[in-house]
>>> print(open('final09.cif').read())   # mmCIF, C-alpha atoms and all ligand atoms
data_target
#
loop_
_atom_site.label_atom_id
_atom_site.label_comp_id
_atom_site.auth_asym_id
_atom_site.auth_seq_id
_atom_site.Cartn_x
_atom_site.Cartn_y
_atom_site.Cartn_z
CA MET A 255 139.00 129.50 120.71
CA ASN A 256 139.41 126.34 118.70
CA ARG A 257 140.41 126.37 115.02
CA SER A 258 136.81 126.13 113.71
CA GLU A 259 135.87 129.14 115.83
CA VAL A 260 138.88 131.10 114.62
CA LEU A 261 138.01 130.27 111.02
CA PHE A 262 134.36 131.24 111.55
CA GLU A 263 135.40 134.56 112.99
CA ARG A 264 137.77 135.19 110.09
CA ALA A 265 135.10 134.11 107.62
CA GLY A 266 132.57 136.49 109.15
CA LYS A 267 134.76 139.40 108.15
CA VAL A 268 134.81 138.54 104.45
CA ILE A 269 131.89 136.18 103.72
CA PRO A 270 128.22 137.04 104.47
CA GLY A 271 127.44 135.31 107.76
CA GLY A 272 130.77 133.53 107.47
CA VAL A 273 129.32 130.88 105.16
CA ASN A 274 128.81 130.26 101.47
CA SER A 275 125.39 128.67 102.00
CA PRO A 276 123.09 129.71 104.86
CA VAL A 277 122.27 126.34 106.50
CA ARG A 278 125.97 125.83 107.20
CA ALA A 279 125.93 128.67 109.73
CA PHE A 280 124.18 126.52 112.42
CA GLN A 281 121.87 129.48 113.10
CA ALA A 282 118.84 127.25 113.54
CA VAL A 283 120.49 124.88 115.99
CA GLY A 284 122.85 127.05 117.99
CA GLY A 285 126.55 126.51 118.42
CA LYS A 286 129.37 127.28 116.02
CA PRO A 287 129.75 125.60 112.64
CA ARG A 288 132.53 123.08 112.27
CA PHE A 289 135.01 123.76 109.49
CA ILE A 290 135.75 120.49 107.75
CA ALA A 291 139.33 119.66 106.88
CA SER A 292 138.86 116.25 105.28
CA ALA A 293 136.41 113.40 104.81
CA GLY A 294 136.65 109.72 104.04
CA GLY A 295 133.99 106.99 103.97
CA ALA A 296 131.20 107.91 106.41
CA LYS A 297 133.40 110.22 108.48
CA MET A 298 134.43 113.86 108.37
CA THR A 299 137.28 115.46 110.33
CA ASP A 300 137.10 119.08 111.34
CA ALA A 301 139.88 121.65 111.53
CA ASP A 302 140.51 120.70 115.18
CA GLY A 303 140.87 117.02 114.42
CA ASN A 304 137.42 116.02 115.75
CA VAL A 305 135.95 113.12 113.80
CA TYR A 306 132.23 112.97 113.03
CA LEU A 307 130.02 110.26 111.66
CA ASP A 308 128.46 112.17 108.77
CA PHE A 309 124.77 111.94 107.87
CA VAL A 310 124.74 114.92 105.52
CA GLY A 311 127.00 113.53 102.82
CA SER A 312 127.39 116.94 101.16
CA TRP A 313 123.57 117.06 101.03
CA GLY A 314 123.22 113.91 99.02
CA PRO A 315 125.91 113.19 96.48
CA MET A 316 128.12 111.05 98.72
CA ILE A 317 126.12 107.86 98.31
CA LEU A 318 129.40 105.94 97.97
CA GLY A 319 130.88 107.68 100.99
CA HIS A 320 133.48 110.43 100.95
CA SER A 321 136.67 110.18 98.91
CA HIS A 322 135.84 106.92 97.17
CA PRO A 323 139.24 105.90 95.73
CA ALA A 324 137.98 105.22 92.18
CA VAL A 325 136.14 108.54 92.04
CA THR A 326 139.10 110.48 93.41
CA GLU A 327 141.48 108.77 91.00
CA ALA A 328 139.24 109.58 88.02
CA ALA A 329 139.04 113.24 89.06
CA VAL A 330 142.79 113.52 89.63
CA LYS A 331 143.62 111.91 86.29
CA ALA A 332 141.16 114.20 84.49
CA ALA A 333 142.62 117.24 86.27
CA GLU A 334 146.06 116.29 85.01
CA ARG A 335 144.71 116.43 81.46
CA GLY A 336 143.22 119.90 81.93
CA LEU A 337 140.83 121.65 84.29
CA SER A 338 138.50 123.22 81.76
CA PHE A 339 138.39 123.47 78.00
CA GLY A 340 135.35 125.58 77.19
CA ALA A 341 134.94 123.15 74.30
CA SER A 342 133.35 119.72 74.05
CA CYS A 343 135.10 116.64 75.42
CA GLU A 344 134.43 112.90 75.30
CA ALA A 345 133.47 112.66 78.98
CA GLU A 346 130.38 114.82 78.37
CA VAL A 347 129.14 112.34 75.80
CA GLU A 348 129.72 109.39 78.09
CA MET A 349 127.95 111.13 80.96
CA ALA A 350 124.92 111.96 78.79
CA GLU A 351 124.81 108.37 77.49
CA LEU A 352 124.87 107.06 81.05
CA VAL A 353 122.07 109.35 82.26
CA CYS A 354 119.88 108.68 79.21
CA GLY A 355 120.63 104.97 79.51
CA PHE A 356 119.54 104.78 83.15
CA VAL A 357 116.52 107.09 83.11
CA PRO A 358 114.11 106.18 80.28
CA SER A 359 112.18 109.47 80.41
CA VAL A 360 115.41 111.35 79.61
CA GLU A 361 116.14 111.18 75.88
CA LEU A 362 118.27 114.30 75.69
CA VAL A 363 120.16 115.82 78.60
CA ARG A 364 122.07 119.07 79.07
CA MET A 365 124.79 119.45 81.71
CA VAL A 366 124.89 122.52 83.94
CA ASN A 367 126.76 123.34 87.16
CA SER A 368 124.21 123.08 89.96
CA GLY A 369 120.69 121.97 90.77
CA THR A 370 119.57 125.61 90.82
CA GLU A 371 120.77 126.07 87.28
CA ALA A 372 119.12 122.83 86.19
CA VAL A 373 115.75 123.94 87.56
CA MET A 374 116.01 127.45 86.16
CA SER A 375 116.74 126.01 82.72
CA ALA A 376 114.04 123.33 82.86
CA LEU A 377 111.44 125.97 83.73
CA ARG A 378 112.54 128.07 80.76
CA VAL A 379 112.24 125.04 78.48
CA ALA A 380 108.79 124.25 79.83
CA ARG A 381 107.67 127.82 79.19
CA GLY A 382 109.23 127.87 75.74
CA TYR A 383 107.67 124.55 74.79
CA THR A 384 104.16 125.25 76.04
CA GLY A 385 104.07 128.99 75.32
CA ARG A 386 102.63 129.46 78.82
CA ASP A 387 104.08 131.39 81.77
CA LYS A 388 102.75 130.02 85.02
CA ILE A 389 104.47 127.33 87.08
CA VAL A 390 102.96 125.35 89.95
CA LYS A 391 105.31 124.49 92.81
CA PHE A 392 104.57 122.98 96.19
CA GLU A 393 104.87 124.68 99.57
CA GLY A 394 108.01 123.46 101.30
CA CYS A 395 109.61 122.08 98.16
CA TYR A 396 112.97 123.65 97.43
CA HIS A 397 114.24 123.94 93.89
CA GLY A 398 117.37 126.00 94.43
CA HIS A 399 117.60 129.74 94.69
CA CYS A 400 116.42 130.98 91.29
CA ASP A 401 114.05 133.94 91.72
CA SER A 402 110.79 132.33 90.70
CA MET A 403 111.27 129.33 93.01
CA LEU A 404 111.88 131.30 96.21
CA VAL A 405 108.20 131.27 97.00
CA LYS A 406 107.11 129.21 100.01
CA ALA A 407 110.41 127.38 99.62
CA GLY A 408 111.89 124.71 101.85
CA SER A 409 115.46 124.24 103.06
CA GLY A 410 117.26 127.31 104.43
CA VAL A 411 114.34 129.58 103.53
CA MET A 412 112.03 127.49 105.70
CA THR A 413 114.67 127.13 108.42
CA GLY A 414 115.08 130.90 108.57
CA GLY A 415 111.32 131.21 109.06
CA VAL A 416 110.95 133.59 106.11
CA PRO A 417 108.54 132.24 103.52
CA ASP A 418 110.05 134.19 100.64
CA SER A 419 113.27 136.02 99.84
CA ALA A 420 113.86 139.75 99.66
CA GLY A 421 115.21 140.90 96.33
CA VAL A 422 112.82 138.85 94.22
CA PRO A 423 110.86 141.32 92.08
CA GLU A 424 107.12 140.85 92.33
CA GLY A 425 107.01 140.18 88.61
CA CYS A 426 109.39 137.23 88.93
CA ALA A 427 107.24 135.51 91.50
CA ALA A 428 103.89 136.50 89.99
CA ASP A 429 103.81 133.47 87.73
CA THR A 430 104.65 131.05 90.52
CA LEU A 431 101.56 129.37 91.95
CA THR A 432 101.82 127.28 95.09
CA ALA A 433 99.90 124.14 95.95
CA GLY A 434 99.98 121.86 99.00
CA TYR A 435 102.26 118.81 98.85
CA ASN A 436 100.18 115.62 98.82
CA ASP A 437 97.12 117.69 98.02
CA LEU A 438 95.86 117.05 94.49
CA GLU A 439 92.75 119.14 95.04
CA SER A 440 94.88 122.26 95.49
CA VAL A 441 96.56 121.54 92.15
CA LYS A 442 93.24 121.03 90.38
CA LYS A 443 92.00 124.33 91.80
CA LEU A 444 94.96 126.19 90.30
CA PHE A 445 94.36 124.66 86.88
CA ALA A 446 90.71 125.65 87.13
CA GLN A 447 91.66 129.17 88.16
CA PHE A 448 94.25 129.63 85.40
CA PRO A 449 93.00 127.60 82.42
CA GLY A 450 95.54 127.18 79.62
CA GLN A 451 98.11 129.30 81.46
CA ILE A 452 100.16 126.77 83.43
CA ALA A 453 103.34 125.62 81.69
CA ALA A 454 104.46 123.07 84.26
CA VAL A 455 104.09 121.52 87.67
CA ILE A 456 107.45 121.08 89.38
CA VAL A 457 107.75 118.74 92.33
CA GLU A 458 110.32 116.99 94.44
CA PRO A 459 108.90 113.47 94.07
CA VAL A 460 110.09 112.88 97.62
CA ALA A 461 110.14 116.24 99.36
CA ALA A 462 113.54 116.32 101.04
CA ASN A 463 113.98 120.00 101.83
CA MET A 464 111.25 120.34 104.48
CA GLY A 465 112.63 117.39 106.37
CA VAL A 466 111.61 114.30 104.40
CA VAL A 467 107.99 114.05 103.32
CA THR A 468 107.08 111.08 101.16
CA PRO A 469 104.41 111.17 98.44
CA GLU A 470 101.15 109.57 99.48
CA GLU A 471 99.62 106.83 97.34
CA GLY A 472 98.20 108.41 94.19
CA PHE A 473 99.85 111.83 94.58
CA LEU A 474 102.50 111.50 91.87
CA THR A 475 100.25 109.53 89.52
CA GLY A 476 97.57 112.16 90.10
CA LEU A 477 99.99 114.92 89.12
CA ARG A 478 100.89 112.97 85.99
CA ARG A 479 97.22 112.61 85.07
CA ILE A 480 96.38 116.27 85.68
CA CYS A 481 99.41 117.52 83.70
CA THR A 482 98.57 115.25 80.75
CA GLU A 483 94.94 116.36 80.75
CA GLU A 484 95.88 120.03 81.01
CA LYS A 485 98.72 119.79 78.45
CA ALA A 486 101.17 121.09 81.05
CA LEU A 487 104.58 119.53 81.66
CA LEU A 488 105.41 117.54 84.77
CA ILE A 489 108.91 118.27 86.05
CA PHE A 490 110.49 116.01 88.65
CA ASP A 491 113.20 117.74 90.61
CA GLU A 492 115.42 114.75 91.30
CA VAL A 493 118.37 116.74 92.56
CA ILE A 494 118.14 114.71 95.76
CA THR A 495 116.35 111.52 94.70
CA GLY A 496 118.07 110.98 91.33
CA PHE A 497 120.58 108.11 91.52
CA ARG A 498 119.82 107.90 95.24
CA LEU A 499 116.61 105.91 95.41
CA GLY A 500 118.05 103.79 92.62
CA LEU A 501 119.52 104.19 89.15
CA THR A 502 116.14 105.30 87.82
CA GLY A 503 115.57 107.75 90.68
CA ALA A 504 112.18 108.43 92.22
CA GLN A 505 110.49 108.13 88.83
CA GLY A 506 111.57 104.51 88.60
CA TYR A 507 110.91 103.88 92.28
CA TYR A 508 107.32 105.14 92.10
CA GLY A 509 106.70 104.25 88.45
CA VAL A 510 105.68 107.75 87.30
CA THR A 511 107.14 109.31 84.15
CA PRO A 512 107.77 113.05 84.14
CA ASP A 513 108.29 115.14 80.99
CA LEU A 514 111.42 116.82 82.31
CA THR A 515 113.81 115.92 85.12
CA THR A 516 116.42 117.93 86.96
CA PHE A 517 119.48 116.35 88.53
CA GLY A 518 122.13 117.73 90.84
CA LYS A 519 125.30 117.05 92.64
CA ILE A 520 125.03 113.25 92.80
CA ILE A 521 125.77 112.92 89.07
CA GLY A 522 129.06 114.70 89.71
CA ALA A 523 129.80 112.44 92.68
CA GLY A 524 130.11 115.62 94.73
CA MET A 525 131.66 117.92 92.12
CA PRO A 526 129.57 121.00 91.20
CA VAL A 527 127.26 119.51 88.56
CA GLY A 528 123.63 119.62 87.59
CA ALA A 529 121.67 118.48 84.56
CA TYR A 530 118.22 118.69 83.06
CA GLY A 531 116.69 116.46 80.48
CA GLY A 532 113.56 114.86 79.18
CA ARG A 533 111.57 113.97 76.11
CA ARG A 534 113.42 114.59 72.85
CA GLU A 535 110.81 116.90 71.30
CA ILE A 536 110.83 119.08 74.42
CA MET A 537 114.59 119.18 74.84
CA GLU A 538 114.98 120.00 71.15
CA MET A 539 113.74 123.46 72.17
CA VAL A 540 117.18 124.10 73.72
CA ALA A 541 119.76 126.17 71.79
CA PRO A 542 121.47 125.56 69.43
CA LEU A 543 118.63 123.32 68.19
CA GLY A 544 115.80 125.53 69.35
CA ARG A 545 114.89 128.96 70.62
CA VAL A 546 115.32 128.42 74.36
CA TYR A 547 118.71 129.85 75.24
CA GLN A 548 120.84 128.31 77.94
CA ALA A 549 124.63 128.19 78.12
CA GLY A 550 127.60 127.72 80.46
CA THR A 551 131.37 127.93 80.05
CA LEU A 552 131.99 125.36 82.77
CA SER A 553 129.09 123.06 81.85
CA GLY A 554 130.26 119.50 81.22
CA ASN A 555 133.51 120.32 82.98
CA PRO A 556 135.97 117.47 82.30
CA VAL A 557 136.96 116.91 85.95
CA ALA A 558 133.38 116.94 87.18
CA MET A 559 132.33 114.61 84.36
CA ALA A 560 135.15 112.18 85.14
CA ALA A 561 134.25 112.02 88.84
CA GLY A 562 130.56 111.60 88.04
CA ILE A 563 131.12 108.91 85.44
CA ALA A 564 133.30 106.94 87.86
CA GLY A 565 130.58 107.20 90.51
CA LEU A 566 127.80 106.16 88.15
CA HIS A 567 129.84 103.18 86.90
CA ILE A 568 130.28 101.95 90.47
CA LEU A 569 126.55 102.33 91.16
CA LYS A 570 125.70 100.54 87.91
CA GLY A 571 128.21 97.77 88.49
CA ASP A 572 127.00 96.90 91.97
CA PRO A 573 123.21 96.89 92.45
CA GLY A 574 123.95 95.68 95.99
CA ILE A 575 124.79 99.28 96.91
CA TYR A 576 121.18 100.45 96.59
CA GLU A 577 119.91 97.31 98.30
CA LYS A 578 122.30 97.95 101.17
CA VAL A 579 121.58 101.66 101.72
CA ASN A 580 117.83 101.25 101.27
CA ARG A 581 117.70 98.31 103.67
CA MET A 582 119.83 100.19 106.16
CA GLY A 583 117.43 103.14 105.88
CA ASP A 584 114.41 100.89 106.51
CA SER A 585 115.92 99.32 109.57
CA PHE A 586 117.17 102.67 110.91
CA ARG A 587 113.67 104.15 110.66
CA LYS A 588 112.17 101.06 112.29
CA GLU A 589 114.59 101.23 115.23
CA LEU A 590 114.14 104.98 115.58
CA LYS A 591 110.34 104.56 115.60
CA ASN A 592 110.73 101.93 118.33
CA LEU A 593 112.68 104.45 120.40
CA VAL A 594 110.09 107.17 119.81
CA GLU A 595 107.34 104.79 120.95
CA ARG A 596 109.31 103.51 123.94
CA PHE A 597 109.96 107.02 125.23
CA GLN A 598 106.56 108.30 124.07
CA ALA A 599 108.43 111.13 122.41
CA PRO A 600 106.31 113.60 120.42
CA CYS A 601 108.24 112.79 117.26
CA GLN A 602 107.65 111.43 113.77
CA VAL A 603 110.04 109.29 111.80
CA THR A 604 109.70 109.66 108.04
CA GLY A 605 111.61 108.72 104.94
CA VAL A 606 112.19 106.30 102.12
CA GLY A 607 115.29 104.39 101.05
CA SER A 608 118.43 106.13 102.24
CA LEU A 609 116.59 109.38 103.11
CA SER A 610 115.22 109.79 106.63
CA CYS A 611 114.01 112.45 109.03
CA LEU A 612 113.15 112.75 112.70
CA PHE A 613 110.50 115.45 113.10
CA PHE A 614 109.98 116.91 116.56
CA THR A 615 106.21 117.13 116.35
CA LYS A 616 103.31 114.96 117.46
CA GLU A 617 101.47 115.69 114.21
CA PRO A 618 101.87 113.17 111.38
CA VAL A 619 103.89 115.01 108.72
CA ARG A 620 102.47 115.02 105.18
CA ASP A 621 103.07 118.58 103.96
CA TYR A 622 104.58 121.98 104.71
CA VAL A 623 101.95 122.95 107.27
CA SER A 624 102.40 119.80 109.34
CA ALA A 625 106.21 119.92 108.98
CA LYS A 626 106.10 123.48 110.34
CA THR A 627 104.47 122.28 113.57
CA SER A 628 107.90 120.90 114.54
CA ASP A 629 109.53 122.15 117.71
CA THR A 630 112.74 123.55 116.25
CA GLU A 631 114.14 124.36 119.71
CA ALA A 632 113.87 120.68 120.60
CA PHE A 633 115.51 119.77 117.33
CA GLY A 634 118.36 122.15 118.19
CA ARG A 635 118.87 120.39 121.54
CA TYR A 636 118.87 117.02 119.80
CA PHE A 637 121.32 118.27 117.16
CA ARG A 638 123.76 119.56 119.78
CA HIS A 639 123.51 116.32 121.75
CA MET A 640 124.28 114.26 118.64
CA LEU A 641 127.15 116.52 117.61
CA GLY A 642 128.59 116.20 121.10
CA ARG A 643 128.57 112.46 120.53
CA GLY A 644 130.44 112.84 117.26
CA ILE A 645 127.38 112.45 115.05
CA TYR A 646 126.85 115.12 112.39
CA VAL A 647 123.22 115.35 111.30
CA ALA A 648 121.93 118.24 109.19
CA PRO A 649 121.93 121.50 111.17
CA SER A 650 118.21 122.10 110.60
CA GLN A 651 114.94 120.32 111.30
CA PHE A 652 113.96 120.85 107.69
CA GLU A 653 116.64 118.79 106.00
CA ALA A 654 117.20 115.10 105.33
CA LEU A 655 119.45 112.49 106.91
CA PHE A 656 121.47 110.83 104.16
CA LEU A 657 122.93 107.33 104.34
CA SER A 658 125.83 106.11 102.24
CA ALA A 659 127.26 102.74 101.34
CA ALA A 660 130.12 103.54 103.70
CA HIS A 661 127.88 103.55 106.79
CA THR A 662 128.11 100.33 108.76
CA LYS A 663 125.80 98.51 111.16
CA GLU A 664 128.09 99.67 113.99
CA ASP A 665 127.66 103.28 112.83
CA MET A 666 123.89 102.91 112.88
CA ASP A 667 123.89 101.22 116.30
CA ARG A 668 126.07 104.00 117.67
CA THR A 669 123.70 106.62 116.25
CA LEU A 670 120.62 104.91 117.67
CA SER A 671 122.27 104.58 121.04
CA ALA A 672 123.10 108.33 121.05
CA ALA A 673 119.46 109.08 120.11
CA GLU A 674 118.27 106.75 122.89
CA ASP A 675 120.42 108.63 125.41
CA TYR A 676 118.93 111.90 124.17
CA PHE A 677 115.36 110.66 124.71
CA LYS A 678 116.31 109.19 128.12
CA GLY A 679 117.84 112.48 129.22
CA GLN A 680 114.78 114.52 128.22
CA GLY A 681 112.30 112.71 130.46
CA GLY A 682 109.48 113.04 127.94
CA SER A 683 109.64 116.83 127.62
CA LEU A 684 112.14 117.00 124.71
N1 LIG A 701 118.60 121.67 101.39
C1 LIG A 701 119.80 122.12 100.74
C2 LIG A 701 120.22 121.15 99.70
N2 LIG A 701 119.18 120.63 98.95
C3 LIG A 701 120.82 122.39 101.76
C4 LIG A 701 122.16 122.73 101.25
C5 LIG A 701 122.43 124.15 101.10
O1 LIG A 701 121.54 124.95 100.85
O2 LIG A 701 123.60 124.48 101.25
#
>>> encode(input="final09.cif", output="structure tokens")
Amino acid sequence: MNRSEVLFERAGKVIPGGVNSPVRAFQAVGGKPRFIASAGGAKMTDADGNVYLDFVGSWGPMILGHSHPAVTEAAVKAAERGLSFGASCEAEVEMAELVCGFVPSVELVRMVNSGTEAVMSALRVARGYTGRDKIVKFEGCYHGHCDSMLVKAGSGVMTGGVPDSAGVPEGCAADTLTAGYNDLESVKKLFAQFPGQIAAVIVEPVAANMGVVTPEEGFLTGLRRICTEEKALLIFDEVITGFRLGLTGAQGYYGVTPDLTTFGKIIGAGMPVGAYGGRREIMEMVAPLGRVYQAGTLSGNPVAMAAGIAGLHILKGDPGIYEKVNRMGDSFRKELKNLVERFQAPCQVTGVGSLSCLFFTKEPVRDYVSAKTSDTEAFGRYFRHMLGRGIYVAPSQFEALFLSAAHTKEDMDRTLSAAEDYFKGQGGSL
């Protein structure tokens, strides 16, 4: 047994499934998970010394690549001053000023420790503000693992083939209504069915937890219009797209202004951070100003803030970073589409900016139902082939491929050539 296998076996004895987050277990793709010992730039090294070109990037935050020296230095220096105070510190103020400065729809922002927490809190604020209970989410969108959002969720829930989670009381999910992504009619129907009862519509503006599904023309603006008409709040879950599609996130990219926004790991440059924010009058509902309670001892943690601030300063100081990763994403998708066409592979290439996906289905993918037509066995074969070539893509069909500023043209050429060899070897059957 190699070291990763030994670690996985040890882990299985003391951690459920041997992992601290289900997708890491490789269950959907076969094979044993690699235990990562270190990472730098676009590469990760496992416990056995194998080096992988990484296209997961800790599920998004590593837009600058792993272990960026300025980010690491900021975190180390902050750690030397203290790991946690449980009291306010200057870095929290600077972080909030940066986020509010970049994202115009965010006038007040509250730091939390994960995307899940951000979503859970934003939903509470929306309910407190509107005095309504129901929330509309979209099939295949994933908003973390809070009870009410584990209904027709994406990510590991979708990968595991179970639409919902056990342990969620009926009452918790009863106020969650689901609509079809890219399907405005299904949203209108819900508002007609539950007049004056819907507090908010929450959406991943680019769905990146059922593979990557981009919003069709008019979808996001349509949601904005419906929410305004119905006096419901529009929440953009930008845990993945925030500070990835650009400094203004998907809302800037598509020109649609939500009422509330949730952010995740990217604002901590990989440290455990989340945040939610929005219009002043809505966010003024949050304690201690208002009656919506939300708290956290580790929220605004000084080390996480320092790392995040360093990352955001680099992104702000060099607009070329977004140009580079977005252009690289465009050309990667174009080349991958060429391969798919050349080999007449029953595959779809989707994505926007530095987020991409190769779906193993002949159906164009525009929502949960079409994403689910993917041949996950074929994806597993592709995954194992790529891993064997030292290329680490997400261990599930229903996740995104993330690019970072550390990826080079040579990295992309190597990846395309490994994909080409996969298609060649499959002789059209996949
Ligand atoms: N799709 C998840 C992140 N948005 C995968 C990561 C995880 O659950 O560990």
>>> residues_near_ligand(input="final09.cif", ligand="ligand LIG 701 (chain A)", cutoff="7 Å", atoms="only C-alpha atoms and all ligand atoms", output="VMD selection string")
chain A and resid 275 to 278 313 409 to 410 463 494 653
>>> closest_atom_pairs(input="final09.cif", of="stretch 282-327 of chain A", to="stretch 591-614 of chain A", cutoff="12 Å", atoms="all atoms listed in the file", output="CSV")
residue,atom,partner,partner_atom,distance
A:Phe309,CA,A:Leu609,CA,9.8
A:Val310,CA,A:Leu609,CA,10.1
A:Gly311,CA,A:Leu609,CA,11.2
A:Trp313,CA,A:Leu609,CA,10.6
A:Gly314,CA,A:Leu609,CA,9.0
A:Pro315,CA,A:Ser608,CA,11.8
A:Met316,CA,A:Ser608,CA,11.4
A:Ile317,CA,A:Ser608,CA,8.8
A:Leu318,CA,A:Ser608,CA,11.8
>>> atom_distance(input="final09.cif", atom1="atom CA of A:Ser359", atom2="atom CA of A:Ser553")
21.7 Å
>>> atom_distance(input="final09.cif", atom1="atom CA of A:Gly544", atom2="atom CA of A:Gly382")
9.5 Å
>>> closest_residue(input="final09.cif", among="A:Arg478, A:His397, A:Lys485, A:Lys616", to="A:Thr511", atoms="all atoms listed in the file")
A:Arg478
>>> closest_residue(input="final09.cif", among="A:Glu334, A:Asp572, A:Asp418, A:Asp491", to="A:Gly532", atoms="only C-alpha atoms")
A:Asp491
>>> residues_around(input="final09.cif", residues="A:Val390", least_positions_apart="5", cutoff="10 Å", atoms="all atoms listed in the file", output="list of chain:residue names")
A:Met403, A:Asp429, A:Thr430, A:Leu431, A:Thr432, A:Ala433, A:Val441, A:Leu444, A:Phe445, A:Ile452, A:Ala453, A:Ala454, A:Val455, A:Ile456, A:Val457, A:Leu488
>>> closest_residue(input="final09.cif", among="A:Cys400, A:Leu657, A:Cys343, A:Val373", to="A:Arg498", atoms="only C-alpha atoms")
A:Leu657
>>> closest_residue(input="final09.cif", among="A:Thr662, A:Ser321, A:Asn555, A:Gln281", to="A:Val347", atoms="all atoms listed in the file")
A:Asn555
>>> atom_distance(input="final09.cif", atom1="atom CA of A:Gly562", atom2="atom CA of A:Glu458")
21.9 Å
>>> closest_residue(input="final09.cif", among="A:Ala296, A:Met412, A:Val330, A:Ile269", to="A:Ala558", atoms="all atoms listed in the file")
A:Val330
>>> closest_residue(input="final09.cif", among="A:Ser368, A:Thr615, A:Thr630, A:Asn436", to="A:Leu477", atoms="only C-alpha atoms")
A:Asn436
>>> residues_around(input="final09.cif", residues="A:Val546", least_positions_apart="3", cutoff="8 Å", atoms="all atoms listed in the file", output="list in words")
Arg378, Val379, Gly382, Met539, Val540 and Ala541 of chain A
>>> residues_around(input="final09.cif", residues="A:Leu362", least_positions_apart="2", cutoff="7 Å", atoms="only C-alpha atoms", output="PyMOL selection string")
chain A and resi 354+360+364+531-534+537
>>> axis_aligned_box(input="final09.cif", around="stretch 299-309 of chain A", padding_each_side="6 Å", output="AutoDock Vina command-line options")
--center_x 132.8 --center_y 116.0 --center_z 111.8 --size_x 28.1 --size_y 23.4 --size_z 19.9
>>> residues_around(input="final09.cif", residues="stretch 641-650 of chain A", least_positions_apart="5", cutoff="10 Å", atoms="all atoms listed in the file", output="VMD selection string")
chain A and resid 277 to 285 287 to 288 297 to 298 304 to 313 409 to 410 412 to 414 463 to 465 611 630 633 to 636 655 to 656 665 668 to 669 672 to 673
>>> residues_around(input="final09.cif", residues="A:Asp401", least_positions_apart="4", cutoff="10 Å", atoms="all atoms listed in the file", output="list in words")
Met374, Val405, Asp418, Ser419, Ala420, Gly421, Val422, Pro423, Glu424, Gly425, Cys426, Ala427 and Thr430 of chain A
>>> residues_near_point(input="final09.cif", point="(104.5, 122.4, 96.8)", cutoff="6 Å", atoms="all atoms listed in the file", output="MDAnalysis selection string")
chainID A and resid 391:395 432:435
